[in-house]
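Next comes structure_8.txt, a file with compact mmCIF, C-alpha atoms.
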# COMPACT_ATOMS: atom_id res chain seq x y z
CA MET A 26 -20.35 -60.71 -28.20
CA LYS A 27 -20.82 -64.10 -26.57
CA ASN A 28 -22.11 -64.30 -23.02
CA LEU A 29 -19.52 -65.27 -20.42
CA PRO A 30 -20.02 -68.56 -18.64
CA VAL A 31 -21.60 -68.35 -15.21
CA LYS A 32 -18.41 -69.69 -13.61
CA SER A 33 -16.33 -66.85 -15.16
CA CYS A 34 -18.77 -64.21 -13.93
CA LEU A 35 -18.62 -65.60 -10.41
CA SER A 36 -14.81 -65.50 -10.49
CA LEU A 37 -14.90 -61.77 -11.32
CA LEU A 38 -17.23 -60.93 -8.44
CA PRO A 39 -14.53 -60.52 -5.72
CA LEU A 40 -12.57 -58.15 -7.96
CA LEU A 41 -15.63 -56.03 -8.63
CA LEU A 42 -16.41 -55.85 -4.91
CA LEU A 43 -12.82 -54.78 -4.13
CA ALA A 44 -12.98 -52.06 -6.80
CA ALA A 45 -16.25 -50.75 -5.38
CA CYS A 46 -14.78 -50.51 -1.88
CA ALA A 47 -11.43 -49.01 -2.93
CA THR A 48 -10.53 -45.56 -1.56
CA PRO A 49 -10.50 -42.60 -3.99
CA SER A 50 -7.24 -41.99 -5.84
CA GLY A 51 -4.78 -39.53 -4.31
CA PRO A 52 -2.97 -39.28 -0.98
CA ARG A 53 -4.73 -39.62 2.35
CA ILE A 54 -4.04 -36.40 4.29
CA ASP A 55 -4.44 -36.10 8.04
CA SER A 56 -4.84 -32.42 8.97
CA SER A 57 -5.15 -32.92 12.72
CA LEU A 58 -1.64 -31.50 13.35
CA SER A 59 -0.43 -27.94 12.72
CA ALA A 60 3.11 -26.53 12.83
CA LYS A 61 3.79 -23.51 15.02
CA ALA A 62 6.45 -22.13 12.66
CA GLN A 63 4.33 -20.86 9.78
CA SER A 64 3.09 -17.56 8.37
CA SER A 65 0.87 -16.19 5.65
CA ARG A 66 2.02 -16.40 2.04
CA ALA A 67 1.17 -12.70 1.74
CA LYS A 68 3.85 -10.32 3.05
CA PHE A 69 2.76 -7.24 1.08
CA VAL A 70 -0.31 -5.49 -0.27
CA ILE A 71 0.16 -3.68 -3.58
CA VAL A 72 -2.29 -0.95 -4.61
CA HIS A 73 -2.85 -0.21 -8.32
CA TYR A 74 -5.15 1.79 -10.55
CA THR A 75 -6.60 0.21 -13.70
CA VAL A 76 -6.15 3.10 -16.19
CA SER A 77 -9.54 2.18 -17.60
CA ASP A 78 -13.29 2.23 -16.98
CA LEU A 79 -15.13 -0.52 -15.13
CA PRO A 80 -16.18 -2.77 -18.06
CA ASN A 81 -12.69 -2.75 -19.57
CA SER A 82 -11.08 -3.22 -16.16
CA ILE A 83 -13.18 -6.33 -15.57
CA LYS A 84 -12.37 -7.67 -19.04
CA ILE A 85 -8.62 -7.08 -18.66
CA LEU A 86 -8.39 -8.55 -15.16
CA THR A 87 -10.51 -11.63 -15.84
CA GLN A 88 -9.75 -12.54 -19.45
CA GLN A 89 -6.14 -11.51 -20.09
CA GLY A 90 -2.71 -12.30 -18.70
CA VAL A 91 -2.90 -9.75 -15.89
CA SER A 92 -4.96 -10.24 -12.74
CA SER A 93 -5.40 -9.07 -9.17
CA HIS A 94 -6.90 -10.51 -6.03
CA TYR A 95 -9.41 -7.68 -5.68
CA LEU A 96 -11.04 -5.05 -7.88
CA LEU A 97 -12.69 -1.94 -6.40
CA THR A 98 -15.27 -0.25 -8.61
CA ASN A 99 -15.90 3.48 -8.97
CA GLU A 100 -19.67 3.25 -8.76
CA ALA A 101 -21.82 5.37 -6.44
CA VAL A 102 -21.72 2.44 -4.03
CA ALA A 103 -18.27 0.94 -4.48
CA VAL A 104 -18.24 -2.83 -4.99
CA THR A 105 -15.27 -5.03 -4.10
CA TYR A 106 -14.81 -8.04 -6.39
CA ARG A 107 -12.60 -10.97 -5.41
CA LEU A 108 -11.03 -12.16 -8.65
CA VAL A 109 -8.31 -14.45 -7.28
CA ASP A 110 -8.33 -16.30 -3.98
CA GLU A 111 -5.68 -14.99 -1.59
CA THR A 112 -4.11 -18.43 -1.36
CA ARG A 113 -3.29 -18.25 -5.06
CA GLN A 114 -0.92 -16.00 -6.97
CA ALA A 115 -2.28 -13.13 -9.07
CA ASN A 116 -0.26 -11.54 -11.86
CA HIS A 117 -0.23 -7.89 -10.85
CA ALA A 118 3.28 -6.88 -9.73
CA GLY A 119 5.51 -7.98 -12.60
CA VAL A 120 9.21 -7.13 -12.34
CA SER A 121 9.33 -5.68 -8.84
CA HIS A 122 11.58 -5.13 -5.82
CA TRP A 123 11.08 -4.14 -2.20
CA LYS A 124 13.63 -4.64 0.57
CA ASN A 125 15.08 -8.13 0.01
CA TYR A 126 12.12 -9.34 -2.05
CA THR A 127 11.89 -9.53 -5.83
CA LEU A 128 9.09 -10.56 -8.19
CA LEU A 129 6.44 -9.78 -5.59
CA ASN A 130 3.57 -11.63 -7.27
CA SER A 131 4.31 -14.68 -5.12
CA SER A 132 4.40 -12.77 -1.82
CA SER A 133 1.70 -10.12 -2.21
CA ILE A 134 -2.00 -9.41 -2.48
CA GLY A 135 -2.91 -7.12 -5.36
CA ILE A 136 -5.73 -4.59 -5.27
CA GLU A 137 -6.79 -2.85 -8.49
CA ILE A 138 -8.86 0.34 -8.21
CA VAL A 139 -10.93 1.52 -11.16
CA ASN A 140 -9.43 4.89 -12.10
CA PRO A 141 -8.45 6.39 -15.49
CA GLY A 142 -4.97 7.36 -14.24
CA PHE A 143 -4.10 10.52 -16.13
CA THR A 144 -4.46 12.39 -19.41
CA VAL A 145 -1.69 14.31 -21.21
CA ASP A 146 -2.31 17.63 -22.99
CA ALA A 147 -0.55 18.96 -26.08
CA ASN A 148 2.26 20.35 -23.92
CA GLY A 149 2.90 17.01 -22.25
CA VAL A 150 1.32 18.11 -18.95
CA ARG A 151 -0.42 15.34 -17.03
CA THR A 152 -3.81 15.73 -15.38
CA TRP A 153 -4.36 13.04 -12.76
CA TYR A 154 -7.80 11.75 -11.81
CA PRO A 155 -8.94 11.77 -8.17
CA PHE A 156 -10.42 8.81 -6.31
CA PRO A 157 -14.04 9.01 -5.11
CA GLN A 158 -14.30 8.97 -1.33
CA GLN A 159 -16.62 5.96 -1.32
CA GLN A 160 -13.92 4.04 -3.18
CA ILE A 161 -11.29 4.92 -0.58
CA ASP A 162 -13.70 4.06 2.25
CA ALA A 163 -14.22 0.61 0.72
CA LEU A 164 -10.47 0.19 0.26
CA ILE A 165 -9.77 0.99 3.91
CA VAL A 166 -12.28 -1.63 5.05
CA LEU A 167 -10.71 -4.19 2.71
CA LEU A 168 -7.16 -3.35 3.78
CA LYS A 169 -7.97 -3.63 7.47
CA ASP A 170 -9.40 -7.08 6.88
CA ILE A 171 -6.41 -8.24 4.81
CA VAL A 172 -3.87 -6.84 7.27
CA ALA A 173 -5.57 -8.44 10.27
CA ARG A 174 -5.75 -11.88 8.67
CA ASN A 175 -2.24 -11.88 7.21
CA ASN A 176 -0.37 -9.85 9.86
CA ILE A 177 1.03 -7.44 7.26
CA PRO A 178 3.08 -4.56 8.76
CA PRO A 179 2.35 -0.92 7.81
CA GLU A 180 5.58 -0.50 5.84
CA ASN A 181 4.51 -3.32 3.52
CA ILE A 182 1.38 -1.64 2.17
CA LEU A 183 2.74 -0.23 -1.07
CA GLY A 184 1.86 1.28 -4.39
CA HIS A 185 2.86 -0.25 -7.70
CA SER A 186 5.15 2.76 -8.17
CA ASP A 187 7.02 1.84 -4.97
CA ILE A 188 7.99 -1.60 -6.21
CA ALA A 189 8.59 -0.61 -9.85
CA PRO A 190 9.83 3.02 -9.91
CA GLY A 191 9.87 4.56 -13.36
CA ARG A 192 8.12 1.57 -14.93
CA LYS A 193 4.85 2.20 -13.07
CA GLN A 194 3.18 5.34 -11.69
CA ASP A 195 0.07 3.90 -10.07
CA PRO A 196 -1.79 4.63 -7.93
CA GLY A 197 -0.43 8.12 -8.70
CA PRO A 198 -0.14 11.41 -6.79
CA MET A 199 -3.90 11.80 -6.35
CA PHE A 200 -4.13 8.64 -4.29
CA PRO A 201 -4.79 9.71 -0.64
CA TRP A 202 -2.10 7.79 1.22
CA PHE A 203 -2.59 10.12 4.18
CA GLN A 204 -6.10 8.73 4.70
CA LEU A 205 -4.59 5.27 5.00
CA ALA A 206 -2.19 6.66 7.60
CA GLN A 207 -5.11 8.20 9.52
CA ALA A 208 -6.77 4.77 9.49
CA GLY A 209 -3.64 3.27 11.08
CA LEU A 210 -2.70 1.28 7.99
CA ILE A 211 0.61 2.91 7.02
CA ARG A 212 3.29 4.99 8.71
CA TRP A 213 3.44 8.71 8.02
CA PRO A 214 6.21 11.28 8.59
CA ASP A 215 5.76 13.43 11.66
CA ALA A 216 4.99 16.92 10.28
CA THR A 217 6.57 18.75 13.22
CA ARG A 218 9.83 16.85 12.85
CA VAL A 219 9.87 17.44 9.08
CA THR A 220 9.41 21.20 9.66
CA GLU A 221 12.31 21.18 12.13
CA LEU A 222 14.65 19.33 9.77
CA LYS A 223 13.87 21.19 6.55
CA PRO A 224 15.96 24.32 7.43
CA VAL A 225 18.88 22.06 8.33
CA TYR A 226 18.81 20.49 4.88
CA LEU A 227 18.23 23.85 3.19
CA ALA A 228 21.51 24.99 4.75
CA GLN A 229 23.38 21.82 3.85
CA LEU A 230 21.80 19.44 1.34
CA PRO A 231 23.15 15.87 1.53
CA ASP A 232 24.92 14.46 -1.50
CA ILE A 233 23.22 12.01 -3.86
CA GLY A 234 24.89 9.05 -2.16
CA TRP A 235 23.06 9.94 1.08
CA PHE A 236 19.70 9.95 -0.70
CA GLN A 237 20.46 6.64 -2.40
CA LYS A 238 21.41 4.96 0.88
CA ARG A 239 18.35 6.27 2.71
CA LEU A 240 15.98 5.29 -0.10
CA ALA A 241 17.47 1.78 -0.13
CA GLN A 242 17.15 1.60 3.65
CA PHE A 243 13.50 2.52 3.31
CA GLY A 244 12.92 -0.35 0.89
CA TYR A 245 13.33 0.95 -2.65
CA ALA A 246 15.60 -0.78 -5.15
CA THR A 247 18.00 2.15 -5.56
CA PRO A 248 21.31 2.42 -7.44
CA GLN A 249 24.30 3.22 -5.25
CA THR A 250 26.19 5.24 -7.86
CA ALA A 251 26.46 8.57 -5.97
CA GLU A 252 25.04 10.13 -9.13
CA LEU A 253 21.57 11.46 -9.91
CA ASP A 254 20.96 8.99 -12.71
CA THR A 255 17.58 8.26 -14.26
CA ALA A 256 16.91 5.24 -12.03
CA THR A 257 17.62 7.26 -8.87
CA ARG A 258 15.39 10.11 -10.04
CA ASP A 259 12.60 7.59 -10.68
CA VAL A 260 12.90 6.33 -7.10
CA VAL A 261 12.79 9.88 -5.74
CA ILE A 262 9.62 10.52 -7.78
CA SER A 263 7.98 7.40 -6.33
CA PHE A 264 8.85 8.52 -2.80
CA GLN A 265 7.55 12.05 -3.48
CA MET A 266 4.30 10.75 -5.00
CA LYS A 267 3.55 9.02 -1.73
CA TYR A 268 4.67 11.59 0.84
CA ARG A 269 4.79 14.91 -1.05
CA PRO A 270 2.46 14.65 -4.05
CA ALA A 271 2.28 18.43 -4.55
CA LEU A 272 5.71 18.35 -6.24
CA ILE A 273 6.94 15.16 -7.88
CA ASP A 274 9.83 16.41 -10.02
CA GLY A 275 12.37 13.84 -8.84
CA THR A 276 14.67 16.50 -7.42
CA PRO A 277 16.36 15.42 -4.16
CA ASP A 278 15.66 18.72 -2.37
CA ALA A 279 15.60 19.77 1.29
CA GLU A 280 11.98 18.82 1.94
CA THR A 281 12.48 15.39 0.40
CA ALA A 282 15.59 14.94 2.55
CA ALA A 283 13.64 15.89 5.70
CA LEU A 284 10.83 13.47 4.84
CA LEU A 285 13.30 10.70 4.10
CA ASP A 286 15.23 11.37 7.31
CA VAL A 287 12.08 11.17 9.42
CA MET A 288 10.81 8.00 7.75
CA THR A 289 14.09 6.09 7.86
CA THR A 290 14.80 7.16 11.44
CA ALA A 291 11.33 5.89 12.43
CA LEU A 292 12.17 2.50 10.89
CA SER A 293 15.28 2.17 13.05
CA VAL A 294 13.36 2.85 16.28
CA PRO A 295 12.12 -0.39 17.92

Output the structure of this file as structure tokens.
Amino acid sequence: MKNLPVKSCLSLLPLLLLAACATPSGPRIDSSLSAKAQSSRAKFVIVHYTVSDLPNSIKILTQQGVSSHYLLTNEAVAVTYRLVDETRQANHAGVSHWKNYTLLNSSSIGIEIVNPGFTVDANGVRTWYPFPQQQIDALIVLLKDIVARNNIPPENILGHSDIAPGRKQDPGPMFPWFQLAQAGLIRWPDATRVTELKPVYLAQLPDIGWFQKRLAQFGYATPQTAELDTATRDVVISFQMKYRPALIDGTPDAETAALLDVMTTALSVP
């Protein structure tokens, strides 16, 4: 290549100086102002179990198409991993509904807990695995932090089974929701009021339409068919797993009616 004449080089000098002083590409953003009318992206927290051991849980949640914001281990000293920043969407909820929200990935924070889920014996009977106390202690600390930063109300801390009845069972009937209630994180039915109402519903059980309306009022995506169809039974099971895990047969009985009455009445009280 021939050398450029000195005159040509000098003529290029102003252009080179301008290029060196140019601002970086992209918009110039001034962040000195902030709008009053804004809120957190996260409206819900969804609790899951991984149905696997720790190494496989890590592999699935970091290398495959599913993810969560946090992963709680089941080690002697439970470790909390942040896998996805809260400002970003994790793929943990899938097809989901709660109140007027659908596809909750975009509006929720997902927490996966290392737990095998359940085993099934030859007779089809499920044996569910408990959660170590140190794991629940770590979860409560994490939830309190998330709730405080994102102003998430107690009725929006949910299980995967709440937002996808029938399709998902996690975190299952062994998950100690009552401990979360004791920590002030979720609402819980008043036991005295439930005891008072149970005989009333034993004497006169509401029809299926009543259960469907109350479950929908509570937040579940519930058919309004006035029939005990499979979808309605799945919703009843999800409700029972949370508030009456000793019996999760999907039967809309008197105790379930009393629990549902107390919880929906509490929602209507300012």

- prompt: Looking at A:Arg269, A:Tyr226, A:Trp235, A:Ala67, which one is nearest to Ile177 of chain A, with distances taken over all atoms listed in the file?
  reply: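 Once distances to Ile177 of chain A are computed over all atoms listed in the file, the minimum belongs to A:Ala67.
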
Hey, can I get the axis-aligned box for segment 274-279 of chain A? All listed atoms, 4 Å padding on each side, centre and edge lengths in Å to one decimal, as JSON.
{"center_x": 13.1, "center_y": 16.8, "center_z": -4.4, "size_x": 14.5, "size_y": 13.9, "size_z": 19.3}

Distance query segment 179-193 of chain A at most 6 Å, all atoms listed in the file, self and fewer than 2 positions along chain excluded, as a tab-separated table (two decimals) with C-alpha atoms, keeping the file's coordinate frame:
chain	number	residue	atom	x	y	z
A	69	PHE	CA	2.76	-7.24	1.08
A	70	VAL	CA	-0.31	-5.49	-0.27
A	71	ILE	CA	0.16	-3.68	-3.58
A	72	VAL	CA	-2.29	-0.95	-4.61
A	73	HIS	CA	-2.85	-0.21	-8.32
A	121	SER	CA	9.33	-5.68	-8.84
A	122	HIS	CA	11.58	-5.13	-5.82
A	123	TRP	CA	11.08	-4.14	-2.20
A	195	ASP	CA	0.07	3.90	-10.07
A	210	LEU	CA	-2.70	1.28	7.99
A	211	ILE	CA	0.61	2.91	7.02
A	259	ASP	CA	12.60	7.59	-10.68
A	260	VAL	CA	12.90	6.33	-7.10
A	263	SER	CA	7.98	7.40	-6.33

Residue nearest Gln160 of chain A - candidates A:Thr105, A:Gln63, A:Thr289, A:Thr255, atoms counted: only C-alpha atoms: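 Going through A:Thr105, A:Gln63, A:Thr289, A:Thr255 one by one, the smallest distance to Gln160 of chain A is for A:Thr105.
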
Best match for closeness to Ser77 of chain A among A:Gly149, A:Pro277, A:Gly119, A:Pro141, counting all atoms listed in the file: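 Selected residue with least distance to Ser77 of chain A: A:Pro141.
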
message: Measuring between all atoms listed in the file, which one of A:Ser57, A:Ser65, A:Thr217, A:Gln249 shows the shortest distance to Ser131 of chain A?
response: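 Closest to Ser131 of chain A of all the choices is A:Ser65.
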
task: Can you work out which one of A:Val219, A:Ala60, A:Ala147, A:Met266 has the shortest atom-to-atom distance to Gly197 of chain A, counting all atoms listed in the file?
output: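 That would be A:Met266, the residue with the smallest distance to Gly197 of chain A.
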
query: Quick one, how far is atom CA of Gln242 of chain A from atom CA of Leu227 of chain A?
result: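 Distance between the two atoms: 22.3 Å.
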
message: Between atom CA of Arg239 of chain A and atom CA of Ala282 of chain A, what is the distance in Å, rounded to a tenth?
response: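 Separation between atom CA of Arg239 of chain A and atom CA of Ala282 of chain A: 9.1 Å.
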
Between atom CA of Ile262 of chain A and atom CA of Val91 of chain A, distance in Å (one decimal):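 Separation of atom CA of Ile262 of chain A and atom CA of Val91 of chain A: 25.2 Å.
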